[in-house]
>>> print(open('entry.pdb').read())   # PDB, C-alpha atoms, pLDDT in the B column
ATOM      1  CA  MET M   2      38.939   1.623  -1.746  1.00 53.00           C
ATOM      2  CA  GLY M   3      39.412   3.818  -4.782  1.00 63.00           C
ATOM      3  CA  GLU M   4      41.975   2.219  -7.021  1.00 89.00           C
ATOM      4  CA  PHE M   5      41.672  -1.372  -5.734  1.00 93.00           C
ATOM      5  CA  ALA M   6      38.788  -3.843  -5.793  1.00 92.00           C
ATOM      6  CA  VAL M   7      38.231  -7.271  -4.280  1.00 91.00           C
ATOM      7  CA  GLY M   8      39.787  -9.747  -6.685  1.00 90.00           C
ATOM      8  CA  ASP M   9      42.660  -7.569  -7.894  1.00 92.00           C
ATOM      9  CA  VAL M  10      46.069  -9.216  -8.121  1.00 94.00           C
ATOM     10  CA  VAL M  11      48.606  -6.878  -6.542  1.00 95.00           C
ATOM     11  CA  ARG M  12      52.341  -6.821  -5.911  1.00 95.00           C
ATOM     12  CA  SER M  13      53.841  -5.439  -2.727  1.00 95.00           C
ATOM     13  CA  GLU M  14      56.259  -2.607  -3.420  1.00 95.00           C
ATOM     14  CA  ALA M  15      57.489  -1.959   0.144  1.00 91.00           C
ATOM     15  CA  GLY M  16      58.327  -3.860   3.306  1.00 89.00           C
ATOM     16  CA  ARG M  17      59.795  -7.274   3.949  1.00 92.00           C
ATOM     17  CA  ASP M  18      57.369  -8.725   1.418  1.00 91.00           C
ATOM     18  CA  ALA M  19      58.370  -6.397  -1.446  1.00 92.00           C
ATOM     19  CA  GLY M  20      57.806  -8.181  -4.751  1.00 92.00           C
ATOM     20  CA  ASP M  21      55.350 -10.726  -3.350  1.00 94.00           C
ATOM     21  CA  PRO M  22      51.997 -11.225  -5.132  1.00 94.00           C
ATOM     22  CA  TYR M  23      48.673 -11.109  -3.295  1.00 95.00           C
ATOM     23  CA  VAL M  24      44.942 -11.053  -4.012  1.00 94.00           C
ATOM     24  CA  VAL M  25      42.856  -8.223  -2.565  1.00 95.00           C
ATOM     25  CA  ILE M  26      40.188  -9.748  -0.303  1.00 93.00           C
ATOM     26  CA  GLY M  27      38.807  -6.666   1.451  1.00 92.00           C
ATOM     27  CA  PHE M  28      39.412  -3.334   3.132  1.00 94.00           C
ATOM     28  CA  SER M  29      39.826  -2.094   6.703  1.00 92.00           C
ATOM     29  CA  ASP M  30      40.005   1.602   7.577  1.00 88.00           C
ATOM     30  CA  HIS M  31      42.686   2.953   5.227  1.00 92.00           C
ATOM     31  CA  ARG M  32      44.285  -0.430   4.573  1.00 95.00           C
ATOM     32  CA  VAL M  33      43.927  -3.059   1.879  1.00 96.00           C
ATOM     33  CA  LEU M  34      43.500  -6.651   3.119  1.00 96.00           C
ATOM     34  CA  VAL M  35      45.480  -9.105   1.000  1.00 96.00           C
ATOM     35  CA  SER M  36      46.005 -12.864   0.978  1.00 95.00           C
ATOM     36  CA  GLU M  37      48.266 -15.270  -0.846  1.00 95.00           C
ATOM     37  CA  GLY M  38      46.504 -18.367   0.466  1.00 92.00           C
ATOM     38  CA  GLU M  39      49.379 -19.841   2.466  1.00 93.00           C
ATOM     39  CA  LYS M  40      50.962 -17.649   5.160  1.00 94.00           C
ATOM     40  CA  LYS M  41      48.498 -14.791   4.825  1.00 94.00           C
ATOM     41  CA  THR M  42      45.156 -16.538   4.772  1.00 93.00           C
ATOM     42  CA  LEU M  43      41.555 -15.415   4.405  1.00 91.00           C
ATOM     43  CA  ARG M  44      41.143 -15.576   8.177  1.00 93.00           C
ATOM     44  CA  ARG M  45      44.411 -13.738   8.866  1.00 95.00           C
ATOM     45  CA  PRO M  46      45.074 -11.452   5.895  1.00 95.00           C
ATOM     46  CA  LYS M  47      47.906  -8.970   5.694  1.00 96.00           C
ATOM     47  CA  GLU M  48      46.977  -5.308   6.026  1.00 96.00           C
ATOM     48  CA  LYS M  49      48.859  -3.178   3.511  1.00 96.00           C
ATOM     49  CA  ASN M  50      49.042   0.538   2.915  1.00 95.00           C
ATOM     50  CA  PRO M  51      47.534   1.057  -0.558  1.00 95.00           C
ATOM     51  CA  ARG M  52      50.515   3.258  -1.509  1.00 95.00           C
ATOM     52  CA  HIS M  53      52.719   0.169  -1.141  1.00 95.00           C
ATOM     53  CA  LEU M  54      50.754  -1.920  -3.660  1.00 96.00           C
ATOM     54  CA  VAL M  55      50.666  -2.032  -7.457  1.00 95.00           C
ATOM     55  CA  ARG M  56      47.806  -3.655  -9.352  1.00 95.00           C
ATOM     56  CA  VAL M  57      49.133  -6.236 -11.811  1.00 93.00           C
ATOM     57  CA  GLY M  58      46.003  -8.138 -12.806  1.00 89.00           C
ATOM     58  CA  ARG M  59      42.599  -9.465 -11.867  1.00 88.00           C
ATOM     59  CA  ILE M  60      41.352 -12.891 -10.827  1.00 87.00           C
ATOM     60  CA  ASP M  61      38.432 -14.462 -12.661  1.00 81.00           C
ATOM     61  CA  SER M  62      35.001 -13.124 -11.749  1.00 84.00           C
ATOM     62  CA  ALA M  63      33.793 -16.428 -10.258  1.00 84.00           C
ATOM     63  CA  LEU M  64      36.611 -16.500  -7.693  1.00 85.00           C
ATOM     64  CA  ALA M  65      36.171 -12.786  -6.945  1.00 83.00           C
ATOM     65  CA  SER M  66      32.489 -13.406  -6.317  1.00 83.00           C
ATOM     66  CA  ARG M  67      33.273 -16.296  -3.943  1.00 85.00           C
ATOM     67  CA  ILE M  68      35.720 -14.067  -2.034  1.00 84.00           C
ATOM     68  CA  GLU M  69      33.097 -11.336  -1.661  1.00 82.00           C
ATOM     69  CA  CYS M  70      30.523 -13.885  -0.432  1.00 82.00           C
ATOM     70  CA  ARG M  71      33.132 -15.404   1.901  1.00 83.00           C
ATOM     71  CA  ARG M  72      32.839 -18.809   0.220  1.00 86.00           C
ATOM     72  CA  SER M  73      36.371 -18.988  -1.121  1.00 86.00           C
ATOM     73  CA  ARG M  74      39.139 -21.174   0.298  1.00 90.00           C
ATOM     74  CA  ASP M  75      42.799 -20.384   0.852  1.00 91.00           C
ATOM     75  CA  GLU M  76      43.659 -23.205  -1.542  1.00 92.00           C
ATOM     76  CA  ASP M  77      41.718 -21.456  -4.322  1.00 90.00           C
ATOM     77  CA  ILE M  78      43.766 -18.280  -3.921  1.00 91.00           C
ATOM     78  CA  ALA M  79      47.087 -20.122  -3.624  1.00 93.00           C
ATOM     79  CA  GLU M  80      46.364 -22.189  -6.755  1.00 91.00           C
ATOM     80  CA  PHE M  81      45.249 -19.131  -8.715  1.00 91.00           C
ATOM     81  CA  LEU M  82      48.469 -17.270  -7.824  1.00 92.00           C
ATOM     82  CA  ARG M  83      50.631 -20.297  -8.758  1.00 92.00           C
ATOM     83  CA  VAL M  84      48.994 -20.494 -12.199  1.00 91.00           C
ATOM     84  CA  TYR M  85      49.039 -16.697 -12.624  1.00 89.00           C
ATOM     85  CA  LEU M  86      52.768 -16.494 -11.853  1.00 89.00           C
ATOM     86  CA  ARG M  87      53.554 -19.454 -14.115  1.00 90.00           C
ATOM     87  CA  ASN M  88      51.727 -17.780 -17.012  1.00 89.00           C
ATOM     88  CA  ASN M  89      52.695 -14.157 -16.381  1.00 85.00           C
ATOM     89  CA  GLY M  90      56.041 -14.297 -14.611  1.00 75.00           C
ATOM     90  CA  ASP M  91      56.364 -12.416 -11.341  1.00 62.00           C
ATOM     91  CA  GLY M  92      54.635  -9.308 -12.714  1.00 52.00           C
ATOM     92  CA  ARG M  93      57.664  -7.020 -12.301  1.00 54.00           C
TER      93      ARG M  93
END
>>> encode(input="entry.pdb", output="structure tokens")
Amino acid sequence: MGEFAVGDVVRSEAGRDAGDPYVVIGFSDHRVLVSEGEKKTLRRPKEKNPRHLVRVGRIDSALASRIECRRSRDEDIAEFLRVYLRNNGDGR
């Protein structure tokens, strides 16, 4: 979807979840499907308008590959985001 790719770490810029980090897991129509591994899972991702997201990083290629092949787990995404936020702050 143009500016985003599966495996990008993004931050929501609008809505009730403004400021929350997510990982891009796919695309649907004109929406970006994102997950944070806990409330918004791989099976029930959040659909976001791409204009309401800002790319702040990228997950490692092995995890991105597992997401694309649908072999990733919610725990993998949640753990990655915990470590990412600990090392990089909240990305603001």
>>> resolve_selection(input="entry.pdb", expression="the PyMOL selection byres ((chain M and resi 26) around 8)", output="list in words")
Val7, Gly8, Val24, Val25, Gly27, Phe28, Val33, Leu34, Val35, Ser36, Leu43, Ile68 and Glu69 of chain M
>>> residues_around(input="entry.pdb", residues="Arg74 (chain M)", least_positions_apart="4", cutoff="9 Å", atoms="all atoms listed in the file", output="PyMOL selection string")
chain M and resi 38+42-43+67-68+78-79
>>> atom_distance(input="entry.pdb", atom1="CA of Asp61 (chain M)", atom2="CA of Gly16 (chain M)")
27.6 Å
>>> resolve_selection(input="entry.pdb", expression="the PyMOL selection byres ((chain M and resi 53) around 9)", output="PyMOL selection string")
chain M and resi 12-16+19+49-52+54-55
>>> closest_residue(input="entry.pdb", among="M:Ser66, M:Glu4, M:Asp30, M:Glu37", to="Phe81 (chain M)", atoms="only C-alpha atoms")
M:Glu37
>>> decode(input="entry.pdb", residues="chain M", atoms="C-alpha atoms", output="mmCIF file, in the first residue's frame")
data_model
loop_
_atom_site.group_PDB
_atom_site.id
_atom_site.type_symbol
_atom_site.label_atom_id
_atom_site.label_comp_id
_atom_site.auth_asym_id
_atom_site.auth_seq_id
_atom_site.Cartn_x
_atom_site.Cartn_y
_atom_site.Cartn_z
ATOM 1 C CA MET M 2 0.000 0.000 0.000
ATOM 2 C CA GLY M 3 2.389 2.664 -1.207
ATOM 3 C CA GLU M 4 4.202 4.075 1.769
ATOM 4 C CA PHE M 5 3.694 1.140 4.171
ATOM 5 C CA ALA M 6 4.884 -2.466 4.044
ATOM 6 C CA VAL M 7 4.191 -5.539 6.147
ATOM 7 C CA GLY M 8 6.562 -5.352 9.093
ATOM 8 C CA ASP M 9 6.637 -1.569 9.467
ATOM 9 C CA VAL M 10 6.339 -0.197 12.990
ATOM 10 C CA VAL M 11 3.805 2.626 12.937
ATOM 11 C CA ARG M 12 2.302 5.080 15.400
ATOM 12 C CA SER M 13 -1.343 6.080 15.301
ATOM 13 C CA GLU M 14 -1.770 9.819 14.870
ATOM 14 C CA ALA M 15 -5.581 10.039 15.119
ATOM 15 C CA GLY M 16 -8.455 8.444 16.991
ATOM 16 C CA ARG M 17 -8.803 7.051 20.478
ATOM 17 C CA ASP M 18 -5.547 5.165 19.983
ATOM 18 C CA ALA M 19 -3.473 8.234 19.030
ATOM 19 C CA GLY M 20 0.137 7.661 20.061
ATOM 20 C CA ASP M 21 -0.155 3.872 20.233
ATOM 21 C CA PRO M 22 2.435 1.737 18.388
ATOM 22 C CA TYR M 23 1.453 -1.052 16.002
ATOM 23 C CA VAL M 24 3.018 -3.404 13.460
ATOM 24 C CA VAL M 25 1.623 -3.444 9.923
ATOM 25 C CA ILE M 26 0.377 -6.972 9.176
ATOM 26 C CA GLY M 27 -1.525 -6.448 5.921
ATOM 27 C CA PHE M 28 -3.874 -4.354 3.826
ATOM 28 C CA SER M 29 -7.604 -4.319 3.086
ATOM 29 C CA ASP M 30 -9.147 -2.045 0.460
ATOM 30 C CA HIS M 31 -7.787 1.405 1.346
ATOM 31 C CA ARG M 32 -6.934 0.509 4.937
ATOM 32 C CA VAL M 33 -3.805 -0.653 6.712
ATOM 33 C CA LEU M 34 -4.237 -3.661 9.032
ATOM 34 C CA VAL M 35 -2.246 -3.250 12.240
ATOM 35 C CA SER M 36 -1.671 -5.328 15.365
ATOM 36 C CA GLU M 37 -0.035 -4.777 18.718
ATOM 37 C CA GLY M 38 -0.309 -8.415 19.769
ATOM 38 C CA GLU M 39 -2.637 -7.966 22.738
ATOM 39 C CA LYS M 40 -5.980 -6.235 22.114
ATOM 40 C CA LYS M 41 -5.589 -5.990 18.354
ATOM 41 C CA THR M 42 -4.426 -9.444 17.384
ATOM 42 C CA LEU M 43 -3.420 -11.114 14.134
ATOM 43 C CA ARG M 44 -6.892 -12.629 13.862
ATOM 44 C CA ARG M 45 -8.660 -9.356 14.697
ATOM 45 C CA PRO M 46 -6.396 -6.519 13.550
ATOM 46 C CA LYS M 47 -7.327 -2.867 13.641
ATOM 47 C CA GLU M 48 -8.083 -1.226 10.307
ATOM 48 C CA LYS M 49 -6.516 2.224 10.084
ATOM 49 C CA ASN M 50 -6.661 4.952 7.489
ATOM 50 C CA PRO M 51 -3.081 5.272 6.190
ATOM 51 C CA ARG M 52 -3.282 9.068 6.612
ATOM 52 C CA HIS M 53 -3.601 8.482 10.365
ATOM 53 C CA LEU M 54 -0.352 6.500 10.651
ATOM 54 C CA VAL M 55 3.313 7.495 10.787
ATOM 55 C CA ARG M 56 6.096 5.006 10.105
ATOM 56 C CA VAL M 57 8.592 4.980 12.976
ATOM 57 C CA GLY M 58 10.630 1.853 12.291
ATOM 58 C CA ARG M 59 10.785 -1.666 10.939
ATOM 59 C CA ILE M 60 10.708 -5.078 12.590
ATOM 60 C CA ASP M 61 13.438 -7.593 11.827
ATOM 61 C CA SER M 62 13.144 -9.385 8.496
ATOM 62 C CA ALA M 63 12.606 -12.825 10.069
ATOM 63 C CA LEU M 64 9.499 -11.670 11.951
ATOM 64 C CA ALA M 65 8.220 -9.778 8.896
ATOM 65 C CA SER M 66 8.611 -12.937 6.845
ATOM 66 C CA ARG M 67 6.680 -14.981 9.434
ATOM 67 C CA ILE M 68 3.872 -12.389 9.388
ATOM 68 C CA GLU M 69 3.649 -12.549 5.593
ATOM 69 C CA CYS M 70 3.550 -16.372 5.695
ATOM 70 C CA ARG M 71 0.976 -16.237 8.507
ATOM 71 C CA ARG M 72 3.264 -18.161 10.867
ATOM 72 C CA SER M 73 3.734 -15.415 13.426
ATOM 73 C CA ARG M 74 2.114 -15.332 16.864
ATOM 74 C CA ASP M 75 0.571 -12.430 18.740
ATOM 75 C CA GLU M 76 3.159 -12.956 21.469
ATOM 76 C CA ASP M 77 5.959 -12.342 18.952
ATOM 77 C CA ILE M 78 4.515 -8.963 17.985
ATOM 78 C CA ALA M 79 3.771 -7.936 21.577
ATOM 79 C CA GLU M 80 7.304 -8.856 22.703
ATOM 80 C CA PHE M 81 8.889 -7.057 19.757
ATOM 81 C CA LEU M 82 6.936 -3.863 20.535
ATOM 82 C CA ARG M 83 7.857 -4.051 24.253
ATOM 83 C CA VAL M 84 11.567 -4.297 23.394
ATOM 84 C CA TYR M 85 11.277 -1.664 20.641
ATOM 85 C CA LEU M 86 9.615 0.840 22.989
ATOM 86 C CA ARG M 87 12.120 0.131 25.767
ATOM 87 C CA ASN M 88 15.019 0.810 23.385
ATOM 88 C CA ASN M 89 13.531 3.660 21.353
ATOM 89 C CA GLY M 90 11.070 5.376 23.664
ATOM 90 C CA ASP M 91 7.533 5.854 22.400
ATOM 91 C CA GLY M 92 8.695 7.083 18.983
ATOM 92 C CA ARG M 93 7.166 10.565 19.333
#
